[in-house]
Amino acid sequence: MKRLRLLLLILTLLACLFAFYYYRQNAVRVETVWLQSQVMGKVVPYNVILPRGYHLPSPWRLRYPVLYLLHGHGGNYSSWIYQTSLISYLSAYNIVIVTPEGEDGWYTDSATQEPAKHETFVVRELIPDVQSRYRVLAERKGRAIAGNSMGGYGALKFALKYPEMFEFAAAMSGAFDAPARTDDLSIMKTFGPPDSPTRKTNNLAELASVAKTEPGPNFYFDCGKDDPWLEINRELHAVFLKHGIQHDYRESTGAHDWAYWNRQVRDVLALGAANMAQAHR
């Protein structure tokens, strides 16, 4: 009888340990990578948010679609994690999310600061590094990019410049007018004086005028009706219509703040998951 009780106790403990292991491995998990960047000349961090089941033992070894989610001006690589319910939202999707550090560099190679090559970093270092460390799909169909404010500008710019790399691109409250402005120090450091070639080569209207419409990424952008960048978003919507660029533009209640972005990122996740390929071997 004592042996039977002991056996039952051991089996109960093993069941509890297995349940705890399964719970931990099946939860959404955040990992931080510190990447030694050659083009930036320093270590640049990024977060990787892994979906449920990524770490569970499986003979299939699935590769997952990946969404690169860019932060806005004044933010950092962890802003999306701490300012929104992104981790909770991801539990419904089978995708990997990467949130890189972009500083206030407008995801552009600076016209005035040689080491600040934020665009080159994303294209030549970040994406290859993620693909070498994690089981993500390496083809265009499995890759999307999105962001808020400065990050929204960056996301659409990357998709217009590198249409062969991204299946889907989204912007929430995009600060699309950055290359035309001279009222912000970070903008002056990034784009240089008003006559700098960097301003023209990173202007979304200019890029849209020469963009390949077929095949091209699927574009989505939205803006709150109380957002100071509302007219700028409407202008880009008109530019895309003029040049026949397939896109979905929406306006809804909200301002240029995290309450709005926390709500809208759910739509971006749903659209990104719908546009990208599903996880496969």
# chains A, B, ... in the order shown; residues from 1 in each chain; ligands from 1
call {"tool": "residues_around", "arguments": {"residues": "A:Glu125", "least_positions_apart": "2", "cutoff": "10 Å", "atoms": "only C-alpha atoms", "output": "PyMOL selection string"}}
result
chain A and resi 35-40+119-123+127-130
call {"tool": "write_last_selection", "arguments": {"atoms": "C-alpha atoms", "output": "short mmCIF file (atom, residue, chain, number, x, y, z; two decimals), in the first residue's frame"}}
result
data_model
loop_
_atom_site.label_atom_id
_atom_site.label_comp_id
_atom_site.auth_asym_id
_atom_site.auth_seq_id
_atom_site.Cartn_x
_atom_site.Cartn_y
_atom_site.Cartn_z
CA LEU A 35 23.84 42.53 -32.22
CA GLN A 36 27.32 43.84 -32.90
CA SER A 37 26.64 46.04 -35.92
CA GLN A 38 29.42 46.73 -38.37
CA VAL A 39 27.56 49.49 -40.21
CA MET A 40 26.49 51.25 -36.99
CA GLU A 119 18.45 51.71 -43.21
CA THR A 120 21.48 49.63 -44.11
CA PHE A 121 21.44 48.10 -40.63
CA VAL A 122 17.90 46.77 -41.06
CA VAL A 123 18.36 45.45 -44.58
CA ILE A 127 17.10 40.67 -41.16
CA PRO A 128 19.96 38.23 -41.95
CA ASP A 129 20.79 37.97 -38.23
CA VAL A 130 17.19 37.13 -37.32
#
call {"tool": "select_by_dssp", "arguments": {"residues": "stretch 131-263 of chain A", "states": "strand (DSSP E)", "output": "list in words"}}
result
Arg143, Ala144, Ile145, Ala146, Gly147, Asn148, Phe168, Ala169, Ala170, Ala171, Met172, Asn218, Phe219, Tyr220, Phe221, Asp222, Cys223, Gly224, His247, Asp248, Tyr249, Arg250, Glu251 and Ser252 of chain A
call {"tool": "select_by_dssp", "arguments": {"residues": "stretch 68-99 of chain A", "states": "alpha helix (DSSP H)", "output": "list in words"}}
result
Ser79, Trp80, Ile81, Tyr82, Gln83, Leu86, Ile87, Ser88, Tyr89 and Leu90 of chain A
call {"tool": "residues_around", "arguments": {"residues": "stretch 250-267 of chain A", "least_positions_apart": "5", "cutoff": "7 Å", "atoms": "only C-alpha atoms", "output": "PDB file with N, CA and C atoms, in the first residue's frame"}}
result
ATOM      1  N   GLN A  83       4.367  49.377 -23.825  1.00  0.00           N
ATOM      2  CA  GLN A  83       3.311  50.375 -23.997  1.00  0.00           C
ATOM      3  C   GLN A  83       2.001  49.792 -24.535  1.00  0.00           C
ATOM      4  N   THR A  84       2.029  48.541 -24.979  1.00  0.00           N
ATOM      5  CA  THR A  84       0.835  47.932 -25.550  1.00  0.00           C
ATOM      6  C   THR A  84       0.640  46.524 -24.999  1.00  0.00           C
ATOM      7  N   SER A  85      -0.440  45.904 -25.434  1.00  0.00           N
ATOM      8  CA  SER A  85      -0.733  44.509 -25.071  1.00  0.00           C
ATOM      9  C   SER A  85      -0.284  43.560 -26.169  1.00  0.00           C
ATOM     10  N   TYR A  89      -1.772  39.938 -27.525  1.00  0.00           N
ATOM     11  CA  TYR A  89      -2.361  39.824 -28.857  1.00  0.00           C
ATOM     12  C   TYR A  89      -1.711  38.707 -29.664  1.00  0.00           C
ATOM     13  N   MET A 172       0.908  53.034 -38.737  1.00  0.00           N
ATOM     14  CA  MET A 172      -0.091  53.624 -37.862  1.00  0.00           C
ATOM     15  C   MET A 172       0.357  55.044 -37.542  1.00  0.00           C
ATOM     16  N   SER A 173      -0.447  56.030 -37.913  1.00  0.00           N
ATOM     17  CA  SER A 173      -0.116  57.439 -37.670  1.00  0.00           C
ATOM     18  C   SER A 173       1.245  57.806 -38.257  1.00  0.00           C
ATOM     19  N   PHE A 221      -2.292  51.602 -44.210  1.00  0.00           N
ATOM     20  CA  PHE A 221      -1.969  52.625 -43.220  1.00  0.00           C
ATOM     21  C   PHE A 221      -3.240  53.272 -42.709  1.00  0.00           C
ATOM     22  N   ASP A 222      -3.164  53.721 -41.457  1.00  0.00           N
ATOM     23  CA  ASP A 222      -4.322  54.333 -40.812  1.00  0.00           C
ATOM     24  C   ASP A 222      -3.882  55.540 -39.999  1.00  0.00           C
ATOM     25  N   CYS A 223      -4.860  56.357 -39.610  1.00  0.00           N
ATOM     26  CA  CYS A 223      -4.553  57.542 -38.809  1.00  0.00           C
ATOM     27  C   CYS A 223      -5.784  57.947 -38.019  1.00  0.00           C
ATOM     28  N   GLY A 224      -5.556  58.437 -36.808  1.00  0.00           N
ATOM     29  CA  GLY A 224      -6.647  58.920 -35.980  1.00  0.00           C
ATOM     30  C   GLY A 224      -7.159  60.272 -36.464  1.00  0.00           C
ATOM     31  N   LYS A 225      -8.426  60.501 -36.272  1.00  0.00           N
ATOM     32  CA  LYS A 225      -9.027  61.743 -36.750  1.00  0.00           C
ATOM     33  C   LYS A 225      -8.605  62.962 -35.930  1.00  0.00           C
ATOM     34  N   ASP A 226      -7.992  62.730 -34.753  1.00  0.00           N
ATOM     35  CA  ASP A 226      -7.479  63.828 -33.944  1.00  0.00           C
ATOM     36  C   ASP A 226      -5.951  63.891 -33.985  1.00  0.00           C
ATOM     37  N   ASP A 227      -5.365  63.239 -34.968  1.00  0.00           N
ATOM     38  CA  ASP A 227      -3.914  63.174 -35.110  1.00  0.00           C
ATOM     39  C   ASP A 227      -3.418  64.363 -35.933  1.00  0.00           C
TER      40      ASP A 227
END
call {"tool": "closest_atom_pairs", "arguments": {"of": "stretch 186-273 of chain A", "to": "stretch 140-145 of chain A", "cutoff": "12 Å", "atoms": "only C-alpha atoms", "output": "tab-separated table"}}
result
residue	atom	partner	partner_atom	distance
A:Pro215	CA	A:Arg140	CA	11.4
A:Gly216	CA	A:Arg140	CA	10.6
A:Pro217	CA	A:Ala144	CA	8.9
A:Asn218	CA	A:Ala144	CA	9.4
A:Phe219	CA	A:Ile145	CA	9.9
A:Tyr220	CA	A:Ile145	CA	10.6
A:Phe221	CA	A:Ile145	CA	11.8
A:Val268	CA	A:Ile145	CA	9.8
A:Leu269	CA	A:Ala144	CA	10.0
A:Ala270	CA	A:Ala144	CA	11.9
A:Leu271	CA	A:Ala144	CA	10.0
A:Gly272	CA	A:Ala144	CA	6.6
A:Ala273	CA	A:Ala144	CA	9.0
call {"tool": "write_last_selection", "arguments": {"atoms": "C-alpha atoms", "output": "JSON list (two decimals), in the first residue's frame"}}
result
[["chain", "number", "residue", "atom", "x", "y", "z"],
["A", 215, "PRO", "CA", 4.05, 42.53, -58.03],
["A", 216, "GLY", "CA", 4.33, 44.83, -55.04],
["A", 217, "PRO", "CA", 3.78, 44.60, -51.31],
["A", 218, "ASN", "CA", 0.29, 44.99, -49.90],
["A", 219, "PHE", "CA", 0.19, 48.36, -48.13],
["A", 220, "TYR", "CA", -1.99, 49.40, -45.21],
["A", 221, "PHE", "CA", -1.97, 52.63, -43.22],
["A", 268, "VAL", "CA", -2.01, 45.18, -38.20],
["A", 269, "LEU", "CA", -1.33, 41.75, -36.68],
["A", 270, "ALA", "CA", -4.47, 40.32, -38.25],
["A", 271, "LEU", "CA", -3.68, 41.80, -41.67],
["A", 272, "GLY", "CA", -0.04, 40.77, -41.48],
["A", 273, "ALA", "CA", -0.94, 37.19, -40.59]]
call {"tool": "closest_residue", "arguments": {"among": "A:Glu231, A:Leu90, A:Leu207, A:Asn148", "to": "A:Arg52", "atoms": "only C-alpha atoms"}}
result
A:Leu90
call {"tool": "residues_around", "arguments": {"residues": "A:Glu103", "least_positions_apart": "4", "cutoff": "10 Å", "atoms": "only C-alpha atoms", "output": "PDB file with C-alpha atoms, in the first residue's frame"}}
result
ATOM      1  CA  VAL A  44      22.343  47.426 -31.392  1.00  0.00           C
ATOM      2  CA  HIS A  71       9.029  52.109 -32.914  1.00  0.00           C
ATOM      3  CA  GLY A  72       8.358  55.829 -33.183  1.00  0.00           C
ATOM      4  CA  HIS A  73      10.396  58.943 -32.430  1.00  0.00           C
ATOM      5  CA  GLY A  74      11.410  59.064 -28.764  1.00  0.00           C
ATOM      6  CA  GLY A  75      10.803  55.340 -28.348  1.00  0.00           C
ATOM      7  CA  ASN A  76      13.087  52.334 -28.261  1.00  0.00           C
ATOM      8  CA  TYR A  77      13.206  48.632 -29.093  1.00  0.00           C
ATOM      9  CA  TYR A 107      15.295  54.296 -40.324  1.00  0.00           C
ATOM     10  CA  ALA A 116      24.297  56.200 -38.345  1.00  0.00           C
ATOM     11  CA  HIS A 118      19.846  52.830 -39.847  1.00  0.00           C
ATOM     12  CA  SER A 186      16.803  64.457 -35.376  1.00  0.00           C
TER      13      SER A 186
END
call {"tool": "atom_distance", "arguments": {"atom1": "atom CA of A:Asp104", "atom2": "atom CA of A:Ser88"}}
result
27.1 Å
call {"tool": "decode", "arguments": {"residues": "stretch 30-102 of chain A", "atoms": "C-alpha atoms", "output": "PDB file, in the first residue's frame"}}
result
ATOM      1  CA  VAL A  30      10.408  37.530 -25.394  1.00  0.00           C
ATOM      2  CA  GLU A  31      14.138  37.270 -26.063  1.00  0.00           C
ATOM      3  CA  THR A  32      16.595  40.146 -26.448  1.00  0.00           C
ATOM      4  CA  VAL A  33      19.514  39.977 -28.861  1.00  0.00           C
ATOM      5  CA  TRP A  34      22.498  42.332 -28.686  1.00  0.00           C
ATOM      6  CA  LEU A  35      23.838  42.525 -32.225  1.00  0.00           C
ATOM      7  CA  GLN A  36      27.324  43.844 -32.900  1.00  0.00           C
ATOM      8  CA  SER A  37      26.637  46.036 -35.924  1.00  0.00           C
ATOM      9  CA  GLN A  38      29.421  46.733 -38.374  1.00  0.00           C
ATOM     10  CA  VAL A  39      27.560  49.494 -40.208  1.00  0.00           C
ATOM     11  CA  MET A  40      26.493  51.252 -36.990  1.00  0.00           C
ATOM     12  CA  GLY A  41      29.834  50.722 -35.287  1.00  0.00           C
ATOM     13  CA  LYS A  42      28.249  49.601 -32.008  1.00  0.00           C
ATOM     14  CA  VAL A  43      25.994  47.024 -30.382  1.00  0.00           C
ATOM     15  CA  VAL A  44      22.343  47.426 -31.392  1.00  0.00           C
ATOM     16  CA  PRO A  45      19.630  45.529 -29.471  1.00  0.00           C
ATOM     17  CA  TYR A  46      16.427  44.035 -30.736  1.00  0.00           C
ATOM     18  CA  ASN A  47      13.630  42.010 -29.169  1.00  0.00           C
ATOM     19  CA  VAL A  48      12.181  38.841 -30.629  1.00  0.00           C
ATOM     20  CA  ILE A  49       8.669  37.868 -29.540  1.00  0.00           C
ATOM     21  CA  LEU A  50       8.177  34.166 -30.171  1.00  0.00           C
ATOM     22  CA  PRO A  51       4.692  32.668 -30.585  1.00  0.00           C
ATOM     23  CA  ARG A  52       3.145  29.933 -28.506  1.00  0.00           C
ATOM     24  CA  GLY A  53       4.645  26.534 -29.245  1.00  0.00           C
ATOM     25  CA  TYR A  54       7.873  27.824 -30.781  1.00  0.00           C
ATOM     26  CA  HIS A  55       9.989  26.037 -28.144  1.00  0.00           C
ATOM     27  CA  LEU A  56       7.900  22.882 -27.851  1.00  0.00           C
ATOM     28  CA  PRO A  57       9.750  19.737 -28.999  1.00  0.00           C
ATOM     29  CA  SER A  58       8.479  18.791 -32.444  1.00  0.00           C
ATOM     30  CA  PRO A  59       9.748  16.696 -35.366  1.00  0.00           C
ATOM     31  CA  TRP A  60       8.320  19.307 -37.746  1.00  0.00           C
ATOM     32  CA  ARG A  61      10.644  22.210 -36.817  1.00  0.00           C
ATOM     33  CA  LEU A  62       8.307  24.791 -38.301  1.00  0.00           C
ATOM     34  CA  ARG A  63       9.573  28.042 -39.763  1.00  0.00           C
ATOM     35  CA  TYR A  64       7.414  31.074 -39.000  1.00  0.00           C
ATOM     36  CA  PRO A  65       6.436  34.248 -40.838  1.00  0.00           C
ATOM     37  CA  VAL A  66       8.028  37.310 -39.268  1.00  0.00           C
ATOM     38  CA  LEU A  67       6.805  40.874 -38.699  1.00  0.00           C
ATOM     39  CA  TYR A  68       9.362  43.624 -38.126  1.00  0.00           C
ATOM     40  CA  LEU A  69       7.647  46.200 -35.896  1.00  0.00           C
ATOM     41  CA  LEU A  70       9.358  49.609 -35.758  1.00  0.00           C
ATOM     42  CA  HIS A  71       9.029  52.109 -32.914  1.00  0.00           C
ATOM     43  CA  GLY A  72       8.358  55.829 -33.183  1.00  0.00           C
ATOM     44  CA  HIS A  73      10.396  58.943 -32.430  1.00  0.00           C
ATOM     45  CA  GLY A  74      11.410  59.064 -28.764  1.00  0.00           C
ATOM     46  CA  GLY A  75      10.803  55.340 -28.348  1.00  0.00           C
ATOM     47  CA  ASN A  76      13.087  52.334 -28.261  1.00  0.00           C
ATOM     48  CA  TYR A  77      13.206  48.632 -29.093  1.00  0.00           C
ATOM     49  CA  SER A  78      11.019  47.743 -26.097  1.00  0.00           C
ATOM     50  CA  SER A  79       8.338  50.422 -26.511  1.00  0.00           C
ATOM     51  CA  TRP A  80       5.875  48.103 -28.249  1.00  0.00           C
ATOM     52  CA  ILE A  81       6.245  45.535 -25.472  1.00  0.00           C
ATOM     53  CA  TYR A  82       5.775  47.888 -22.511  1.00  0.00           C
ATOM     54  CA  GLN A  83       3.311  50.375 -23.997  1.00  0.00           C
ATOM     55  CA  THR A  84       0.835  47.932 -25.550  1.00  0.00           C
ATOM     56  CA  SER A  85      -0.733  44.509 -25.071  1.00  0.00           C
ATOM     57  CA  LEU A  86       1.282  43.140 -27.984  1.00  0.00           C
ATOM     58  CA  ILE A  87       2.366  39.968 -26.167  1.00  0.00           C
ATOM     59  CA  SER A  88      -1.214  39.142 -25.292  1.00  0.00           C
ATOM     60  CA  TYR A  89      -2.361  39.824 -28.857  1.00  0.00           C
ATOM     61  CA  LEU A  90       0.325  37.551 -30.302  1.00  0.00           C
ATOM     62  CA  SER A  91      -1.112  34.518 -28.498  1.00  0.00           C
ATOM     63  CA  ALA A  92      -3.726  34.358 -31.274  1.00  0.00           C
ATOM     64  CA  TYR A  93      -1.182  34.274 -34.119  1.00  0.00           C
ATOM     65  CA  ASN A  94       1.518  31.925 -35.328  1.00  0.00           C
ATOM     66  CA  ILE A  95       4.073  34.588 -36.259  1.00  0.00           C
ATOM     67  CA  VAL A  96       7.363  35.941 -34.901  1.00  0.00           C
ATOM     68  CA  ILE A  97       7.644  39.662 -34.124  1.00  0.00           C
ATOM     69  CA  VAL A  98      10.954  41.554 -34.109  1.00  0.00           C
ATOM     70  CA  THR A  99      11.193  45.011 -32.499  1.00  0.00           C
ATOM     71  CA  PRO A 100      14.570  46.609 -33.359  1.00  0.00           C
ATOM     72  CA  GLU A 101      16.254  49.670 -31.901  1.00  0.00           C
ATOM     73  CA  GLY A 102      15.946  52.566 -34.330  1.00  0.00           C
TER      74      GLY A 102
END
